[in-house]
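Participant: Before I ask anything, let me first share the structure, which is written out below as structure tokens.
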Amino acid sequence: MKRLMFSLLALTMFAAMSLPAHADDIKDIEALYNKYCAATKAKSVERVLALITDDYTSVFMGKVASRKQTEEGIKMTFEFVKRVDTCTAKISEISVNGSSATAKYKMRLVTTTTSETESQVKKIELLNSYNDVYKKTAQGWKIKTSTLADSKVTLDGKRFDPYKFPTPTKK
């Protein structure tokens, strides 16, 4: 009985000692998204890139993009977007295992864009769900892989599929 009580006590103490580090890791990962939203609202490519690993990949519609390709996409997006009105992220599931972690989260992004002639102002809202993998580095937690799980986009309040391109018709 003493052995069992000692084992339970040791297990409880171990769990209590590891809990704050785990909770701190979760807070740090949640803070990543606050930093991401702040960088996005500032349209700062450098600040966004500071949040991802050097070997970062994104998975979008079954296609894998490197960090460099992601950087080019961010630059093009920030040129197109006149203003980021809203950026929020909420983690729904998270798991930390040593220096790696995974999370599912939803992001809401509302932007104001203008046409090439600057005459038409448009509101684009994205409601995206992601599955991300994180790596703990010397600089803290960074995103290693981001996979788009679901995307809903509206243009001026109407459902819009920016990933569906019209098929050319034969003449």
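Letters for chains follow the order of the structure tokens (A, B, ...), residue numbers begin at 1 for each chain, and ligand numbers begin at 1 in the order shown.
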Need the shell around Lys82 in chain A: protein/DNA/RNA residues with any atom at most 12 Å away, counting only C-alpha atoms. Skip same-chain ones fewer than 5 positions apart. Format as a ChimeraX atom specification?
Facilitator: /A:40-43,76-77,110-116,118,120-124
Participant: Based on the selection just made, write C-alpha atoms of those residues as an mmCIF file, in the first residue's frame.
Facilitator:
```
data_model
loop_
_atom_site.group_PDB
_atom_site.id
_atom_site.type_symbol
_atom_site.label_atom_id
_atom_site.label_comp_id
_atom_site.auth_asym_id
_atom_site.auth_seq_id
_atom_site.Cartn_x
_atom_site.Cartn_y
_atom_site.Cartn_z
ATOM 1 C CA THR A 40 -1.165 40.552 -41.445
ATOM 2 C CA LYS A 41 -3.001 43.731 -40.442
ATOM 3 C CA ALA A 42 0.301 45.617 -40.869
ATOM 4 C CA LYS A 43 0.810 43.808 -44.208
ATOM 5 C CA MET A 76 1.099 39.159 -54.010
ATOM 6 C CA THR A 77 -1.788 39.061 -51.540
ATOM 7 C CA VAL A 110 -11.824 40.337 -43.678
ATOM 8 C CA THR A 111 -10.087 42.533 -46.225
ATOM 9 C CA THR A 112 -10.878 45.571 -48.311
ATOM 10 C CA THR A 113 -9.590 45.351 -51.859
ATOM 11 C CA THR A 114 -9.833 47.558 -54.876
ATOM 12 C CA SER A 115 -9.887 46.796 -58.560
ATOM 13 C CA GLU A 116 -6.971 47.734 -60.796
ATOM 14 C CA GLU A 118 -9.299 51.701 -57.908
ATOM 15 C CA GLN A 120 -14.504 49.287 -57.121
ATOM 16 C CA VAL A 121 -14.020 48.618 -53.440
ATOM 17 C CA LYS A 122 -14.698 45.003 -52.449
ATOM 18 C CA LYS A 123 -14.918 43.199 -49.112
ATOM 19 C CA ILE A 124 -13.541 39.689 -49.042
#
```
Participant: Compile the contact shell of Cys37 in chain A as a ChimeraX atom specification: residues with an atom at most 10 Å away, counting only C-alpha atoms, same-chain residues fewer than 6 positions apart removed.
Facilitator: /A:31,43,48,84,86-89,107-109
Participant: Neighbouring residues of Lys144 in chain A were defined as those with any atom within 7 Å, considering only C-alpha atoms; residues of the same chain fewer than 6 positions away were excluded. Please report them as a PyMOL selection string.
Facilitator: chain A and resi 52-53+55-57+133-135
Participant: Quick check, in Å to one decimal: how far apart do CA of Leu49 in chain A and CA of Phe160 in chain A lie?
Facilitator: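 According to the coordinates, CA of Leu49 in chain A and CA of Phe160 in chain A are separated by 28.0 Å.
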Participant: Which value, in Å to one decimal, gives the distance between CA of Thr102 in chain A and CA of Asp132 in chain A?
Facilitator: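 CA of Asp132 in chain A lies 5.6 Å from CA of Thr102 in chain A.
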Participant: My list of candidates is A:Leu32, A:Met61, A:Leu127, A:Val45. Which is closest to Leu155 in chain A when distances are computed with only C-alpha atoms?
Facilitator: A:Leu127
Participant: Among chain A, which residues does DSSP mark as helix (DSSP H, G or I) when it is run on the backbone? Keep the chain and numbering as in the structure and answer as number ranges by chain.
Facilitator: A: 2-41, 45-49, 67-80
Participant: Write the residues of the preceding selection, restricted to C-alpha atoms, as a PDB file, in the first residue's frame.
Facilitator:
```pdb
ATOM      1  CA  LYS A   2       2.850   2.402   0.845  1.00  0.00           C
ATOM      2  CA  ARG A   3       4.430   1.667  -2.535  1.00  0.00           C
ATOM      3  CA  LEU A   4       1.143   2.435  -4.323  1.00  0.00           C
ATOM      4  CA  MET A   5       0.689   5.688  -2.392  1.00  0.00           C
ATOM      5  CA  PHE A   6       4.293   6.701  -3.134  1.00  0.00           C
ATOM      6  CA  SER A   7       3.796   5.904  -6.831  1.00  0.00           C
ATOM      7  CA  LEU A   8       0.585   7.938  -6.970  1.00  0.00           C
ATOM      8  CA  LEU A   9       2.239  10.819  -5.145  1.00  0.00           C
ATOM      9  CA  ALA A  10       5.218  10.742  -7.508  1.00  0.00           C
ATOM     10  CA  LEU A  11       2.918  10.614 -10.533  1.00  0.00           C
ATOM     11  CA  THR A  12       0.858  13.525  -9.194  1.00  0.00           C
ATOM     12  CA  MET A  13       3.987  15.581  -8.529  1.00  0.00           C
ATOM     13  CA  PHE A  14       5.330  14.826 -12.010  1.00  0.00           C
ATOM     14  CA  ALA A  15       2.026  15.845 -13.586  1.00  0.00           C
ATOM     15  CA  ALA A  16       1.948  19.044 -11.535  1.00  0.00           C
ATOM     16  CA  MET A  17       5.536  19.891 -12.536  1.00  0.00           C
ATOM     17  CA  SER A  18       4.923  19.275 -16.251  1.00  0.00           C
ATOM     18  CA  LEU A  19       1.571  21.074 -16.418  1.00  0.00           C
ATOM     19  CA  PRO A  20       2.872  24.675 -16.232  1.00  0.00           C
ATOM     20  CA  ALA A  21       5.395  24.068 -19.032  1.00  0.00           C
ATOM     21  CA  HIS A  22       2.641  22.528 -21.151  1.00  0.00           C
ATOM     22  CA  ALA A  23       0.298  25.420 -20.367  1.00  0.00           C
ATOM     23  CA  ASP A  24       3.065  27.898 -21.226  1.00  0.00           C
ATOM     24  CA  ASP A  25       3.645  26.122 -24.537  1.00  0.00           C
ATOM     25  CA  ILE A  26      -0.056  26.358 -25.376  1.00  0.00           C
ATOM     26  CA  LYS A  27      -0.087  30.073 -24.494  1.00  0.00           C
ATOM     27  CA  ASP A  28       3.005  30.608 -26.670  1.00  0.00           C
ATOM     28  CA  ILE A  29       1.384  28.834 -29.620  1.00  0.00           C
ATOM     29  CA  GLU A  30      -1.835  30.830 -29.156  1.00  0.00           C
ATOM     30  CA  ALA A  31       0.310  33.993 -29.102  1.00  0.00           C
ATOM     31  CA  LEU A  32       1.698  33.019 -32.515  1.00  0.00           C
ATOM     32  CA  TYR A  33      -1.712  33.667 -34.041  1.00  0.00           C
ATOM     33  CA  ASN A  34      -2.022  37.040 -32.340  1.00  0.00           C
ATOM     34  CA  LYS A  35       1.377  37.912 -33.834  1.00  0.00           C
ATOM     35  CA  TYR A  36       0.255  36.535 -37.201  1.00  0.00           C
ATOM     36  CA  CYS A  37      -2.888  38.672 -37.181  1.00  0.00           C
ATOM     37  CA  ALA A  38      -0.924  41.775 -36.146  1.00  0.00           C
ATOM     38  CA  ALA A  39       1.621  41.139 -38.924  1.00  0.00           C
ATOM     39  CA  THR A  40      -1.165  40.552 -41.445  1.00  0.00           C
ATOM     40  CA  LYS A  41      -3.001  43.731 -40.442  1.00  0.00           C
ATOM     41  CA  VAL A  45       5.757  39.986 -45.008  1.00  0.00           C
ATOM     42  CA  GLU A  46       8.863  39.924 -42.784  1.00  0.00           C
ATOM     43  CA  ARG A  47       6.825  39.645 -39.580  1.00  0.00           C
ATOM     44  CA  VAL A  48       4.717  36.812 -41.011  1.00  0.00           C
ATOM     45  CA  LEU A  49       7.843  34.939 -42.171  1.00  0.00           C
ATOM     46  CA  ARG A  67       8.515  28.685 -47.674  1.00  0.00           C
ATOM     47  CA  LYS A  68       9.737  30.646 -50.719  1.00  0.00           C
ATOM     48  CA  GLN A  69       6.518  29.980 -52.649  1.00  0.00           C
ATOM     49  CA  THR A  70       4.511  30.963 -49.579  1.00  0.00           C
ATOM     50  CA  GLU A  71       6.505  34.196 -49.304  1.00  0.00           C
ATOM     51  CA  GLU A  72       5.740  35.047 -52.940  1.00  0.00           C
ATOM     52  CA  GLY A  73       2.036  34.342 -52.348  1.00  0.00           C
ATOM     53  CA  ILE A  74       1.966  36.566 -49.263  1.00  0.00           C
ATOM     54  CA  LYS A  75       3.645  39.411 -51.175  1.00  0.00           C
ATOM     55  CA  MET A  76       1.099  39.159 -54.010  1.00  0.00           C
ATOM     56  CA  THR A  77      -1.788  39.061 -51.540  1.00  0.00           C
ATOM     57  CA  PHE A  78      -0.554  42.100 -49.613  1.00  0.00           C
ATOM     58  CA  GLU A  79      -0.193  44.037 -52.891  1.00  0.00           C
ATOM     59  CA  PHE A  80      -3.777  43.153 -53.830  1.00  0.00           C
TER      60      PHE A  80
END
```
Participant: Please list as JSON, numbers by chain every residue within 6 Å of Lys136 in chain A, counting only C-alpha atoms and excluding residues in the same chain fewer than 2 positions away.
Facilitator: {"A": [99, 140, 141]}
Participant: Find the spatial neighbours of Tyr105 in chain A, counting only C-alpha atoms, within a cut-off of 6 Å - ignore same-chain residues fewer than 6 positions away - and output them as a ChimeraX atom specification.
Facilitator: /A:90-92,129-130
Participant: Rank nothing, just name the residue among A:Ser58, A:Leu126, A:Pro162, A:Asn97 nearest to Asp85 in chain A, using only C-alpha atoms.
Facilitator: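 For Asp85 in chain A, the nearest of the given residues is A:Leu126.
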Participant: Closest to Leu51 in chain A among A:Val96, A:Ala149, A:Lys106, A:Thr137, using only C-alpha atoms?
Facilitator: A:Thr137
Participant: Which of these, A:Glu125, A:Asn131, A:Val59, A:Ile143, has the shortest distance to Asp156 in chain A once you count only C-alpha atoms?
Facilitator: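 Ranking A:Glu125, A:Asn131, A:Val59, A:Ile143 by distance to Asp156 in chain A, first place goes to A:Glu125.
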Participant: Using the chain letters and numbers from this document, which residues of range 22-109 of chain A does DSSP assign to strand (DSSP E or B), as a PyMOL selection string?
Facilitator: chain A and resi 52-60+63-66+81-97+100-109
Participant: Rounded to one decimal in Å, what is the spacing between CA of Asn128 in chain A and CA of Val153 in chain A?
Facilitator: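 So the two atoms, CA of Asn128 in chain A and CA of Val153 in chain A, lie 8.3 Å apart.
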